[in-house]
Amino acid sequence: MGEHTVKILIAGAGATGGAFGTRLFEAGRDVTFLVREARAQTMRANGLRFVDPGEDRTNHIPVLTAAELAQTDPSAAHLAPGDSATANGSSSTPFDLVIVAVKANGLESIIDDIRPAVGEDTLIIPFLNGMAQIERLVEEFPGQVLGGLVKIVGTIKDGAIHQMTDLAVMTIGDLDGTGVPDSIAQALDVPGFKLQILDNITDALWEKWIFIAAAGVVTCLFRAPVGAIMAAGGHSHIVQIVDELETVAAAGGHPVSAKAREMTLSMLTAEGSSFTSSLYRDVTSGLPSETEHILGHLARTAADLSVATPLLDLTLVQLRAGESLRQS
């Protein structure tokens, strides 16, 4: 990629993409958001408000829609609303880095949306839960995908990005031993969050996948927060769920570390805890969920590895049946 400014496209301006994108923009990085038409209009008119524990501010960060990305040069994103710039009929200038920060149910559409931004040297980092996104993106863009995960507590309220705590960590790594280019590492190393680069990013992705899946199975199967499940005598069943899912990871060649297991059990067996998984919150609120992306994909992976997962399978039956009723 040479010695030039790294051009970064962030697909999605939700809690994750909005928070990390703001930090990158405020550090002077060349950042553009790829968002839906309505979101683009709002951001162009009002900017992107970001509230963290220490500050409340609004930035006017360049934005593009998928249609604009396909038809215009990305430099058009820096123009005022209503202005435009064409690429004389050519395809859009590739970005150096594309960060995918959308919900799982938006993965397929975003793959098509980002295609004009991806050149031969473009790298892609998805910040979705699970492993299905890695497989899909590698299938579409072989040799151009890095592994990535983030830790942040955030939400969107009245269109603004709210980072609820000081926790903000971005972890990336290569999937094939080629390493993360220095230009990408330097571009992502900015104030406001901690950047980690791992040699074993696939192991880290599996550990997070197993934790999120375990939290989803526990809270969705028993339909309650952790504290209520524990009070009802659920401790041994929680441990059984964690054991079952960790067996899948071990069979897949990515055993969960003792430290990660301890963290998982600590969170999922805490007396009086109000903790629920994001999957549980989405399902009980009647919102689109990551059931298939997280649990369905894990069940298929387990089947391919000949690992029995009766509690995972039971949870999937319950969630799928509920979704069927919701859509009827």
# chains A, B, ... in the order shown; residues from 1 in each chain; ligands from 1
>>> select_by_dssp(residues="segment 114-187 of chain A", states="helix (DSSP H, G or I)", output="PDB file with C-alpha atoms, in the first residue's frame")
ATOM      1  CA  ILE A 114     -18.629  -2.846  -0.330  1.00  0.00           C
ATOM      2  CA  ARG A 115     -17.559  -4.584  -3.530  1.00  0.00           C
ATOM      3  CA  PRO A 116     -16.843  -1.332  -5.450  1.00  0.00           C
ATOM      4  CA  ALA A 117     -14.585  -0.194  -2.599  1.00  0.00           C
ATOM      5  CA  ALA A 132     -19.720 -17.207   9.814  1.00  0.00           C
ATOM      6  CA  GLN A 133     -18.729 -13.721   8.662  1.00  0.00           C
ATOM      7  CA  ILE A 134     -15.107 -14.799   8.305  1.00  0.00           C
ATOM      8  CA  GLU A 135     -16.046 -17.744   6.106  1.00  0.00           C
ATOM      9  CA  ARG A 136     -18.332 -15.647   3.884  1.00  0.00           C
ATOM     10  CA  LEU A 137     -15.917 -12.781   3.441  1.00  0.00           C
ATOM     11  CA  VAL A 138     -12.965 -15.095   2.748  1.00  0.00           C
ATOM     12  CA  GLU A 139     -15.119 -16.831   0.152  1.00  0.00           C
ATOM     13  CA  GLU A 140     -15.877 -13.517  -1.545  1.00  0.00           C
ATOM     14  CA  ASP A 182       2.399  -1.889   9.418  1.00  0.00           C
ATOM     15  CA  SER A 183       0.372   0.761   7.584  1.00  0.00           C
ATOM     16  CA  ILE A 184      -2.898  -0.754   8.841  1.00  0.00           C
ATOM     17  CA  ALA A 185      -1.617  -1.170  12.388  1.00  0.00           C
ATOM     18  CA  GLN A 186      -0.413   2.435  12.471  1.00  0.00           C
ATOM     19  CA  ALA A 187      -3.662   3.764  11.025  1.00  0.00           C
TER      20      ALA A 187
END
>>> residues_around(residues="Ala299 of chain A", least_positions_apart="3", cutoff="7 Å", atoms="only C-alpha atoms", output="ChimeraX atom specification")
/A:295-296,302-303,312-313
>>> select_by_dssp(residues="segment 93-327 of chain A", states="strand (DSSP E or B)", output="PyMOL selection string")
chain A and resi 95-100+118-126+145-157+160-174+194-197
>>> atom_distance(atom1="atom CA of Ala232 of chain A", atom2="atom CA of Glu262 of chain A")
21.8 Å
>>> closest_residue(among="A:Ala27, A:Leu64, A:Ala224, A:Ile10", to="Arg44 of chain A", atoms="only C-alpha atoms")
A:Leu64
>>> closest_residue(among="A:Ala258, A:Ala228, A:Ala204, A:Val102", to="Gly173 of chain A", atoms="only C-alpha atoms")
A:Ala204
>>> residues_around(residues="Gly21 of chain A", least_positions_apart="5", cutoff="9 Å", atoms="only C-alpha atoms", output="number ranges by chain")
A: 10, 13, 16, 26, 31-33, 61
>>> closest_residue(among="A:Ile161, A:Ile201, A:Ile210, A:Ala249", to="Leu146 of chain A", atoms="only C-alpha atoms")
A:Ile201
>>> closest_residue(among="A:Leu195, A:Ala231, A:Val169, A:Ala104", to="Thr291 of chain A", atoms="only C-alpha atoms")
A:Ala104
>>> closest_residue(among="A:Val226, A:Leu298, A:Leu107, A:Ala168", to="Trp209 of chain A", atoms="only C-alpha atoms")
A:Leu298
